[in-house]
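Quick notes on the structure that follows.
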Amino acid sequence: MKKILFGLFFSSFSFADEMGSLLFHGNCVTCHYELQEKSAPAMIEVRKRYLQAFPKKEDFVKYLSEWVHKPSEEHSIMQDAIEKHGVMPQLAYEKDVLKEIAAYIYETDFTKIHNGFNSH
Amino acid sequence: MGNIILLALLGAVFYYVFKSYSKYEKYSKEAFKDFTISHDALKRSELGLFVSLCAKVAKADGRVDALEAELISNMLKDISSVFPEAQKTKDILKDIFNEEKDRTDNIEHIAHALSQATKRSKAMQHQFMQFLIQLAFADGEVTKSEEKILTIIAEAMQFDPTAYHTIFEQFEKMMQNASPKQSIEDAYKLLGVSQQDDMTTIKKAYRKLVRQYHPDIIKSQGKSDDYIKEATVKTQEINQAYEMIKKARG
């Protein structure tokens with residue numbers, strides 16, 4: 001019974017995580033590589049900065065999703081990245097999708113092997 | 001006495017012929033019980049090849065939207081469930097999906113390999129093609145880039161062009177008819193939730209319903225042509241109800 005309960009807990013957890021992973025890898029990594037800075041800051045850098053500014057998951061998800069929903073130079077916490085690459089274009093993603101992705105970024109240590117890890 | 005033995009023997013032969021035949025028409029746990037799970041073996045298997053093609057179709061328009069991600073997540077779960085180590089299989093399939101989604105140089109190669117791997121059953125090829133077309137329609141309309149990839153796949157699989165266009169047109173018609181006609185009350189009713197429920201509850205109900213009614217590539221095997229179409233319509237209805245509620249709540 002314990003095993004079943006644990007399994008249920010685990011599978012529901014991994015399901016939410018999986019949606020975030022699919023959405024993140026399907027949409028973000030084209031520009032934001034996980035570990036390398038190319039045409040946009042690397043994901044580990046974005047995550048680090050956001051974690052410094054918003055240690056609580058709730059705040060992290062809210063700010064990141066709202067900023068990407070409507071990117072503005074004024075409200076950016078990464079001015080140096082804007083200087084280098086310009087402001088991120090507005091991509092018309094749904095808030096819901098952005099929240100899911102932000103939660104995935106908050107939870108994922110990109111330096112370790114993680115769900116959906118690939119060559120990036 | 002001799003007759004009975006002969007009859008029993010004949011029965012056994014028929015049983016095995018039938019059984020091995022049905023193995024090819026449907027995917028089952030039994031058919032995969034000796035399958036060794038590895039990245040390479042899965043990638044070469046027909047279901048692995050199919051996942052690769054789904055990745056290309058899903059990413060063709062440059063983004064993977066929420067419903068596409070739901071459907072893919074469900075698909076990976078459905079496929080993994082017939083393999084011996086479901087969780088391990090799913091993790092590998094997800095890696096394959098991520099590796100393949102941005103590659104456009106090997107579409108023909110993979111489609112050809114899938115057609116070779118499934119050449120014993122035209123019905124199976126038909127279901128795969130239907131599923132891929134359905135996936136392209138999931139976000140409402142098929143973009144030029146999605147259509148291009150579907151055409152490359154169909155040609156490399158030597159899929160009958162008339163059959164391809166028939167499927168395509170059927171989905172096109174279905175999507176036009178599936179335009180929202182429900183009221184907000186109907187939307188709540190369809191998801192089995194009340195106006196007082198919070199968004200987390202509603203989202204859970206939505207996901208559960210998609211899980212229940214989505215086009216399942218494993219279940220579709222051996223079923224009639226209508227299966228994927230009905231599942232697609234149902235999924236669209238559920239999705240539209242959810243979108244409507246989300247919009248109404250701002």
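Identifiers for the structure tokens are assigned positionally: chains receive A, B, ... in sequence, residues are indexed from 1 per chain, and ligands are indexed from 1 in the order shown.
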Based on only C-alpha atoms, which of the residues in chain B come within 12 Å of chain A? I want them as a PyMOL selection string. chain B and resi 55-74+76-77+86-88+90-103+199-200+203-204+207-208+211+242-243+246-247+250
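Distance annotation: of A:Tyr63, A:Thr108, A:Ala40, A:Ile113, the residue with the minimal separation from Ser76 of chain A is A:Tyr63; atom set is only C-alpha atoms.
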Using DSSP secondary structure from the backbone, list all alpha helix (DSSP H) positions within segment 1-116 of chain A, as a ChimeraX atom specification. /A:2-27,43-53,57-69,79-85,95-107
Those same residues - C-alpha atoms - I'd like them written as a PDB file, in the first residue's frame.
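Final file, again39.pdb:
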ATOM      1  CA  LYS A   2       2.790   2.371   0.961  1.00  0.00           C
ATOM      2  CA  LYS A   3       4.410   1.594  -2.340  1.00  0.00           C
ATOM      3  CA  ILE A   4       1.235   2.426  -4.246  1.00  0.00           C
ATOM      4  CA  LEU A   5       0.791   5.707  -2.400  1.00  0.00           C
ATOM      5  CA  PHE A   6       4.381   6.618  -3.019  1.00  0.00           C
ATOM      6  CA  GLY A   7       4.012   5.674  -6.668  1.00  0.00           C
ATOM      7  CA  LEU A   8       0.901   7.823  -6.982  1.00  0.00           C
ATOM      8  CA  PHE A   9       2.609  10.763  -5.361  1.00  0.00           C
ATOM      9  CA  PHE A  10       5.638  10.336  -7.531  1.00  0.00           C
ATOM     10  CA  SER A  11       3.743   9.948 -10.783  1.00  0.00           C
ATOM     11  CA  SER A  12       1.578  13.020 -10.186  1.00  0.00           C
ATOM     12  CA  PHE A  13       4.682  14.995  -9.324  1.00  0.00           C
ATOM     13  CA  SER A  14       6.548  13.857 -12.389  1.00  0.00           C
ATOM     14  CA  PHE A  15       3.548  14.613 -14.593  1.00  0.00           C
ATOM     15  CA  ALA A  16       3.512  18.311 -13.720  1.00  0.00           C
ATOM     16  CA  ASP A  17       7.274  18.361 -14.047  1.00  0.00           C
ATOM     17  CA  GLU A  18       6.990  16.667 -17.408  1.00  0.00           C
ATOM     18  CA  MET A  19       4.675  19.291 -18.860  1.00  0.00           C
ATOM     19  CA  GLY A  20       7.127  21.970 -17.780  1.00  0.00           C
ATOM     20  CA  SER A  21       9.997  20.019 -19.271  1.00  0.00           C
ATOM     21  CA  LEU A  22       8.215  19.499 -22.606  1.00  0.00           C
ATOM     22  CA  LEU A  23       7.215  23.142 -22.816  1.00  0.00           C
ATOM     23  CA  PHE A  24      10.658  24.376 -21.794  1.00  0.00           C
ATOM     24  CA  HIS A  25      12.526  22.192 -24.250  1.00  0.00           C
ATOM     25  CA  GLY A  26       9.951  22.785 -26.976  1.00  0.00           C
ATOM     26  CA  ASN A  27      10.065  26.562 -26.768  1.00  0.00           C
ATOM     27  CA  MET A  43      19.468  29.192 -18.593  1.00  0.00           C
ATOM     28  CA  ILE A  44      21.754  28.580 -15.600  1.00  0.00           C
ATOM     29  CA  GLU A  45      22.553  32.299 -15.547  1.00  0.00           C
ATOM     30  CA  VAL A  46      18.885  33.342 -15.755  1.00  0.00           C
ATOM     31  CA  ARG A  47      18.011  30.882 -13.011  1.00  0.00           C
ATOM     32  CA  LYS A  48      20.858  32.085 -10.777  1.00  0.00           C
ATOM     33  CA  ARG A  49      19.832  35.728 -11.072  1.00  0.00           C
ATOM     34  CA  TYR A  50      16.182  35.018 -10.501  1.00  0.00           C
ATOM     35  CA  LEU A  51      16.939  32.822  -7.511  1.00  0.00           C
ATOM     36  CA  GLN A  52      18.992  35.656  -6.014  1.00  0.00           C
ATOM     37  CA  ALA A  53      16.201  38.142  -6.571  1.00  0.00           C
ATOM     38  CA  LYS A  57       9.132  29.804  -5.782  1.00  0.00           C
ATOM     39  CA  GLU A  58       5.904  31.778  -5.825  1.00  0.00           C
ATOM     40  CA  ASP A  59       7.676  35.107  -6.454  1.00  0.00           C
ATOM     41  CA  PHE A  60      10.130  33.549  -8.888  1.00  0.00           C
ATOM     42  CA  VAL A  61       7.316  32.087 -11.025  1.00  0.00           C
ATOM     43  CA  LYS A  62       5.218  35.235 -10.880  1.00  0.00           C
ATOM     44  CA  TYR A  63       7.951  37.673 -11.879  1.00  0.00           C
ATOM     45  CA  LEU A  64       9.537  35.506 -14.562  1.00  0.00           C
ATOM     46  CA  SER A  65       6.233  34.606 -16.217  1.00  0.00           C
ATOM     47  CA  GLU A  66       4.971  38.177 -16.124  1.00  0.00           C
ATOM     48  CA  TRP A  67       8.199  39.568 -17.496  1.00  0.00           C
ATOM     49  CA  VAL A  68       8.340  37.114 -20.414  1.00  0.00           C
ATOM     50  CA  HIS A  69       4.660  37.748 -21.083  1.00  0.00           C
ATOM     51  CA  GLN A  79      20.339  44.808 -17.468  1.00  0.00           C
ATOM     52  CA  ASP A  80      23.747  43.520 -18.579  1.00  0.00           C
ATOM     53  CA  ALA A  81      22.094  40.834 -20.716  1.00  0.00           C
ATOM     54  CA  ILE A  82      19.867  43.450 -22.348  1.00  0.00           C
ATOM     55  CA  GLU A  83      22.913  45.550 -23.143  1.00  0.00           C
ATOM     56  CA  LYS A  84      24.482  42.562 -24.828  1.00  0.00           C
ATOM     57  CA  HIS A  85      21.526  40.952 -26.617  1.00  0.00           C
ATOM     58  CA  LYS A  95       0.503  33.172 -19.003  1.00  0.00           C
ATOM     59  CA  ASP A  96      -0.395  29.655 -17.965  1.00  0.00           C
ATOM     60  CA  VAL A  97       2.289  28.145 -20.173  1.00  0.00           C
ATOM     61  CA  LEU A  98       4.859  30.648 -18.916  1.00  0.00           C
ATOM     62  CA  LYS A  99       4.047  29.834 -15.292  1.00  0.00           C
ATOM     63  CA  GLU A 100       4.519  26.156 -15.968  1.00  0.00           C
ATOM     64  CA  ILE A 101       7.882  26.807 -17.612  1.00  0.00           C
ATOM     65  CA  ALA A 102       8.991  29.169 -14.829  1.00  0.00           C
ATOM     66  CA  ALA A 103       8.170  26.517 -12.218  1.00  0.00           C
ATOM     67  CA  TYR A 104      10.213  23.984 -14.165  1.00  0.00           C
ATOM     68  CA  ILE A 105      13.193  26.369 -14.305  1.00  0.00           C
ATOM     69  CA  TYR A 106      12.909  27.020 -10.565  1.00  0.00           C
ATOM     70  CA  GLU A 107      12.959  23.291  -9.809  1.00  0.00           C
TER      71      GLU A 107
END
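Of the residues listed (B:Asp34, B:Glu108, B:Glu169, B:Asp197), B:Glu169 shows the shortest atom-to-atom separation from Val142 of chain B; distances use only C-alpha atoms.
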Atom-to-atom span, atom CA of Thr232 of chain B and atom CA of Phe128 of chain B, Å: 14.1 Å
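Using only C-alpha atoms for every distance, the candidate list B:Asn106, B:Thr89, B:Thr235, B:Asn3 yields B:Asn106 as the residue closest to Ser52 of chain B.
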Nearest to Asp225 of chain B by atom-to-atom distance, counting only C-alpha atoms, from B:His126, B:Lys181, B:His165, B:Lys173: B:His126
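Atom CA of Thr111 of chain A lies 17.1 Å from atom CA of Lys38 of chain A.
Atom CA of Ile110 of chain B to atom CA of Ile133 of chain B spans 16.5 Å [interatomic distance, one decimal].
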List the neighbours of Tyr227 of chain B out to 12 Å using only C-alpha atoms; skip same-chain residues closer than 2 positions along the sequence, and give me the result as a PyMOL selection string. chain B and resi 127+130-131+134+213-225+229-234
Write the residues of the preceding selection, restricted to N, CA and C atoms, as a compact mmCIF listing (two decimals), in the first residue's frame.
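Writing the result to again.txt gives the following:
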# COMPACT_ATOMS: atom_id res chain seq x y z
N GLN B 127 -2.82 4.20 -39.08
CA GLN B 127 -3.04 4.78 -37.75
C GLN B 127 -1.94 5.77 -37.40
N GLN B 130 -2.51 8.94 -39.38
CA GLN B 130 -3.66 9.65 -38.81
C GLN B 130 -3.27 10.39 -37.54
N PHE B 131 -2.48 9.72 -36.72
CA PHE B 131 -2.07 10.32 -35.45
C PHE B 131 -1.20 11.55 -35.70
N GLN B 134 -3.36 14.36 -36.90
CA GLN B 134 -4.11 14.84 -35.74
C GLN B 134 -3.27 15.76 -34.87
N TYR B 213 -9.59 10.83 -22.58
CA TYR B 213 -10.19 10.81 -23.92
C TYR B 213 -9.25 11.06 -25.09
N HIS B 214 -7.99 11.40 -24.82
CA HIS B 214 -7.06 11.77 -25.90
C HIS B 214 -6.85 10.60 -26.88
N PRO B 215 -6.44 10.91 -28.10
CA PRO B 215 -6.14 9.84 -29.05
C PRO B 215 -4.94 9.03 -28.56
N ASP B 216 -5.17 7.77 -28.26
CA ASP B 216 -4.12 6.89 -27.71
C ASP B 216 -3.62 5.98 -28.82
N ILE B 217 -2.37 6.15 -29.20
CA ILE B 217 -1.84 5.42 -30.36
C ILE B 217 -1.80 3.91 -30.10
N ILE B 218 -1.63 3.52 -28.85
CA ILE B 218 -1.60 2.09 -28.53
C ILE B 218 -3.01 1.51 -28.64
N LYS B 219 -3.97 2.21 -28.02
CA LYS B 219 -5.35 1.72 -28.06
C LYS B 219 -5.93 1.76 -29.47
N SER B 220 -5.41 2.66 -30.32
CA SER B 220 -5.98 2.83 -31.65
C SER B 220 -5.73 1.62 -32.55
N GLN B 221 -4.68 0.84 -32.20
CA GLN B 221 -4.33 -0.30 -33.05
C GLN B 221 -5.47 -1.33 -33.07
N GLY B 222 -5.79 -1.73 -34.28
CA GLY B 222 -6.85 -2.72 -34.43
C GLY B 222 -8.25 -2.14 -34.35
N LYS B 223 -8.33 -0.83 -34.05
CA LYS B 223 -9.66 -0.21 -34.00
C LYS B 223 -9.98 0.42 -35.34
N SER B 224 -11.24 0.80 -35.51
CA SER B 224 -11.65 1.36 -36.79
C SER B 224 -11.06 2.76 -36.97
N ASP B 225 -11.19 3.23 -38.20
CA ASP B 225 -10.68 4.53 -38.59
C ASP B 225 -11.22 5.67 -37.74
N LYS B 229 -10.38 9.93 -34.77
CA LYS B 229 -11.20 11.11 -35.06
C LYS B 229 -12.11 11.45 -33.89
N GLU B 230 -12.76 10.45 -33.35
CA GLU B 230 -13.65 10.70 -32.20
C GLU B 230 -12.87 11.22 -31.00
N ALA B 231 -11.71 10.60 -30.77
CA ALA B 231 -10.88 11.03 -29.64
C ALA B 231 -10.41 12.48 -29.85
N THR B 232 -10.11 12.82 -31.11
CA THR B 232 -9.66 14.18 -31.40
C THR B 232 -10.76 15.20 -31.12
N VAL B 233 -11.97 14.89 -31.58
CA VAL B 233 -13.10 15.80 -31.36
C VAL B 233 -13.33 16.00 -29.86
N LYS B 234 -13.33 14.88 -29.14
CA LYS B 234 -13.57 14.94 -27.70
C LYS B 234 -12.50 15.79 -27.01
